[in-house]
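Peer 1: My file is entry_24.cif. It has mmCIF, C-alpha atoms:
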data_query
#
loop_
_atom_site.group_PDB
_atom_site.id
_atom_site.type_symbol
_atom_site.label_atom_id
_atom_site.label_comp_id
_atom_site.auth_asym_id
_atom_site.auth_seq_id
_atom_site.Cartn_x
_atom_site.Cartn_y
_atom_site.Cartn_z
ATOM 1 C CA MET I 1 50.227 114.461 50.887
ATOM 2 C CA GLU I 2 52.524 112.261 48.859
ATOM 3 C CA ILE I 3 55.785 111.378 50.611
ATOM 4 C CA VAL I 4 58.646 111.703 48.125
ATOM 5 C CA LEU I 5 61.517 110.928 50.507
ATOM 6 C CA GLN I 6 61.369 109.039 53.776
ATOM 7 C CA ALA I 7 64.328 108.213 55.999
ATOM 8 C CA LYS I 8 64.102 106.006 59.086
ATOM 9 C CA ASN I 9 66.933 105.717 61.618
ATOM 10 C CA VAL I 10 69.654 106.426 59.059
ATOM 11 C CA ARG I 11 73.132 106.030 60.469
ATOM 12 C CA LYS I 12 76.499 106.491 58.766
ATOM 13 C CA VAL I 13 79.743 105.580 60.494
ATOM 14 C CA TYR I 14 83.209 105.966 58.978
ATOM 15 C CA GLY I 15 86.343 104.178 60.136
ATOM 16 C CA ILE I 16 87.132 100.807 61.661
ATOM 17 C CA LYS I 17 87.144 99.334 65.162
ATOM 18 C CA GLY I 18 88.465 101.807 67.751
ATOM 19 C CA ASN I 19 88.838 104.694 65.296
ATOM 20 C CA VAL I 20 85.292 105.532 64.175
ATOM 21 C CA TYR I 21 83.438 108.742 63.380
ATOM 22 C CA THR I 22 79.643 108.853 63.411
ATOM 23 C CA ALA I 23 78.560 111.292 60.692
ATOM 24 C CA LEU I 24 74.814 110.523 60.924
ATOM 25 C CA ASP I 25 73.157 109.119 64.025
ATOM 26 C CA ASN I 26 69.578 107.823 63.679
ATOM 27 C CA ILE I 27 68.273 110.490 61.291
ATOM 28 C CA SER I 28 64.556 110.197 60.506
ATOM 29 C CA LEU I 29 62.525 112.532 58.311
ATOM 30 C CA GLU I 30 59.747 112.722 55.737
ATOM 31 C CA ILE I 31 59.650 115.107 52.811
ATOM 32 C CA THR I 32 56.335 115.479 51.032
ATOM 33 C CA LYS I 33 55.658 116.699 47.508
ATOM 34 C CA GLY I 34 55.873 120.488 47.395
ATOM 35 C CA ASP I 35 58.045 120.821 50.511
ATOM 36 C CA PHE I 36 60.960 123.253 50.435
ATOM 37 C CA VAL I 37 63.761 121.856 52.585
ATOM 38 C CA GLY I 38 66.969 123.452 53.803
ATOM 39 C CA ILE I 39 69.765 121.485 55.446
ATOM 40 C CA MET I 40 71.765 123.671 57.801
ATOM 41 C CA GLY I 41 74.414 123.111 60.421
ATOM 42 C CA PRO I 42 78.021 123.803 61.322
ATOM 43 C CA SER I 43 80.986 122.394 59.455
ATOM 44 C CA GLY I 44 81.335 118.665 60.115
ATOM 45 C CA ALA I 45 77.696 118.202 61.155
ATOM 46 C CA GLY I 46 76.954 115.655 58.391
ATOM 47 C CA LYS I 47 75.093 117.780 55.813
ATOM 48 C CA SER I 48 77.080 116.517 52.823
ATOM 49 C CA THR I 49 77.001 112.964 54.137
ATOM 50 C CA LEU I 50 73.202 113.147 54.407
ATOM 51 C CA LEU I 51 72.888 114.379 50.815
ATOM 52 C CA ASN I 52 75.360 111.743 49.596
ATOM 53 C CA VAL I 53 73.335 108.991 51.259
ATOM 54 C CA PHE I 54 70.034 110.336 49.895
ATOM 55 C CA SER I 55 71.483 110.552 46.374
ATOM 56 C CA THR I 56 73.020 107.024 46.518
ATOM 57 C CA ILE I 57 76.588 108.337 46.234
ATOM 58 C CA ASP I 58 77.190 106.634 49.589
ATOM 59 C CA LYS I 59 75.395 103.843 51.467
ATOM 60 C CA PRO I 60 74.118 104.247 55.015
ATOM 61 C CA THR I 61 75.612 102.003 57.689
ATOM 62 C CA SER I 62 72.065 101.242 58.823
ATOM 63 C CA GLY I 63 68.525 102.505 58.425
ATOM 64 C CA GLU I 64 66.017 102.739 55.598
ATOM 65 C CA ILE I 65 65.574 105.293 52.829
ATOM 66 C CA GLN I 66 62.651 105.346 50.416
ATOM 67 C CA ILE I 67 62.090 107.572 47.406
ATOM 68 C CA SER I 68 58.453 107.651 46.295
ATOM 69 C CA GLY I 69 57.838 104.459 48.269
ATOM 70 C CA GLN I 70 60.721 102.484 46.758
ATOM 71 C CA GLU I 71 63.671 101.384 48.876
ATOM 72 C CA LEU I 72 66.982 102.806 47.669
ATOM 73 C CA GLU I 73 68.539 99.357 48.077
ATOM 74 C CA THR I 74 66.264 98.036 45.309
ATOM 75 C CA MET I 75 66.920 100.822 42.800
#
Can you present the structure in this file as structure tokens?
Peer 2:
Amino acid sequence: MEIVLQAKNVRKVYGIKGNVYTALDNISLEITKGDFVGIMGPSGAGKSTLLNVFSTIDKPTSGEIQISGQELETM
């Protein structure tokens, strides 16, 4: 199946030096064409951060994200 979204070791950290909050910690997933995906979790778990990173509203601290084989960094 065609992979439409692939994330490898995505990490997002907010803050500076001793006052940091890790919103995403090494998230990896593949979504193929036709998949139905739900993102669930408690408040503060990083759901909105994950969607913001996938939609390029925010940049990940580290990791790779590809949409249809193209790196988000190059879009």
Peer 1: Select, from I:Ser68, I:Gly18, I:Leu24, I:Glu2, the residue with the minimum atom-to-atom distance to Leu51 of chain I, counting all atoms listed in the file.
Peer 2: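 Closest residue, counting all atoms listed in the file: I:Leu24.
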Peer 1: What's the separation between atom CA of Val20 of chain I and atom CA of Thr74 of chain I, in Å to one decimal place?
Peer 2: 27.8 Å
Peer 1: Would you list the contacts of Lys8 of chain I as a PyMOL selection string, taking every protein, DNA or RNA residue within 12 Å and counting all atoms listed in the file, but skipping same-chain residues closer than 3 positions in sequence?
Peer 2: chain I and resi 5+11+24-31+54+60+62-67+71
Peer 1: To one decimal in Å, tell me the separation between atom CA of Leu72 of chain I and atom CA of Val53 of chain I.
Peer 2: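 Those two atoms sit 9.6 Å apart.
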Peer 1: I need the residue set behind the PyMOL selection byres ((chain I and resi 23) around 8) for this file; please write it as a list in words.
Peer 2: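 In the shown coordinates, the PyMOL selection byres ((chain I and resi 23) around 8) covers Arg11, Lys12, Val13, Tyr14, Tyr21, Thr22, Leu24, Asp25, Gly44, Ala45, Gly46 and Thr49 of chain I.
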Peer 1: Kindly save the residues from that selection, with C-alpha atoms included, as a PDB file, keeping the file's coordinate frame.
Peer 2:
ATOM      1  CA  ARG I  11      73.132 106.030  60.469  1.00  0.00           C
ATOM      2  CA  LYS I  12      76.499 106.491  58.766  1.00  0.00           C
ATOM      3  CA  VAL I  13      79.743 105.580  60.494  1.00  0.00           C
ATOM      4  CA  TYR I  14      83.209 105.966  58.978  1.00  0.00           C
ATOM      5  CA  TYR I  21      83.438 108.742  63.380  1.00  0.00           C
ATOM      6  CA  THR I  22      79.643 108.853  63.411  1.00  0.00           C
ATOM      7  CA  LEU I  24      74.814 110.523  60.924  1.00  0.00           C
ATOM      8  CA  ASP I  25      73.157 109.119  64.025  1.00  0.00           C
ATOM      9  CA  GLY I  44      81.335 118.665  60.115  1.00  0.00           C
ATOM     10  CA  ALA I  45      77.696 118.202  61.155  1.00  0.00           C
ATOM     11  CA  GLY I  46      76.954 115.655  58.391  1.00  0.00           C
ATOM     12  CA  THR I  49      77.001 112.964  54.137  1.00  0.00           C
TER      13      THR I  49
END
Peer 1: Once the PyMOL selection byres ((chain I and resi 33) around 8) has been applied to the shown file, what residues remain in the selection, as a PDB file with C-alpha atoms, in the coordinates of the input?
Peer 2:
ATOM      1  CA  MET I   1      50.227 114.461  50.887  1.00  0.00           C
ATOM      2  CA  GLU I   2      52.524 112.261  48.859  1.00  0.00           C
ATOM      3  CA  ILE I   3      55.785 111.378  50.611  1.00  0.00           C
ATOM      4  CA  VAL I   4      58.646 111.703  48.125  1.00  0.00           C
ATOM      5  CA  ILE I  31      59.650 115.107  52.811  1.00  0.00           C
ATOM      6  CA  THR I  32      56.335 115.479  51.032  1.00  0.00           C
ATOM      7  CA  GLY I  34      55.873 120.488  47.395  1.00  0.00           C
ATOM      8  CA  ASP I  35      58.045 120.821  50.511  1.00  0.00           C
TER       9      ASP I  35
END
Peer 1: One decimal, Å: what's the distance from atom CA of Gly41 of chain I over to atom CA of Ile16 of chain I, could you say?
Peer 2: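 These two atoms are separated by 25.7 Å.
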Peer 1: Can you sort out the box for segment 5-23 of chain I, edges along x, y and z, all listed atoms in, 8 Å on every side, with centre and edge lengths in Å to one decimal, as lines of an AutoDock Vina configuration file?
Peer 2:
center_x = 75.1
center_y = 105.3
center_z = 59.1
size_x = 43.5
size_y = 28.0
size_z = 33.2
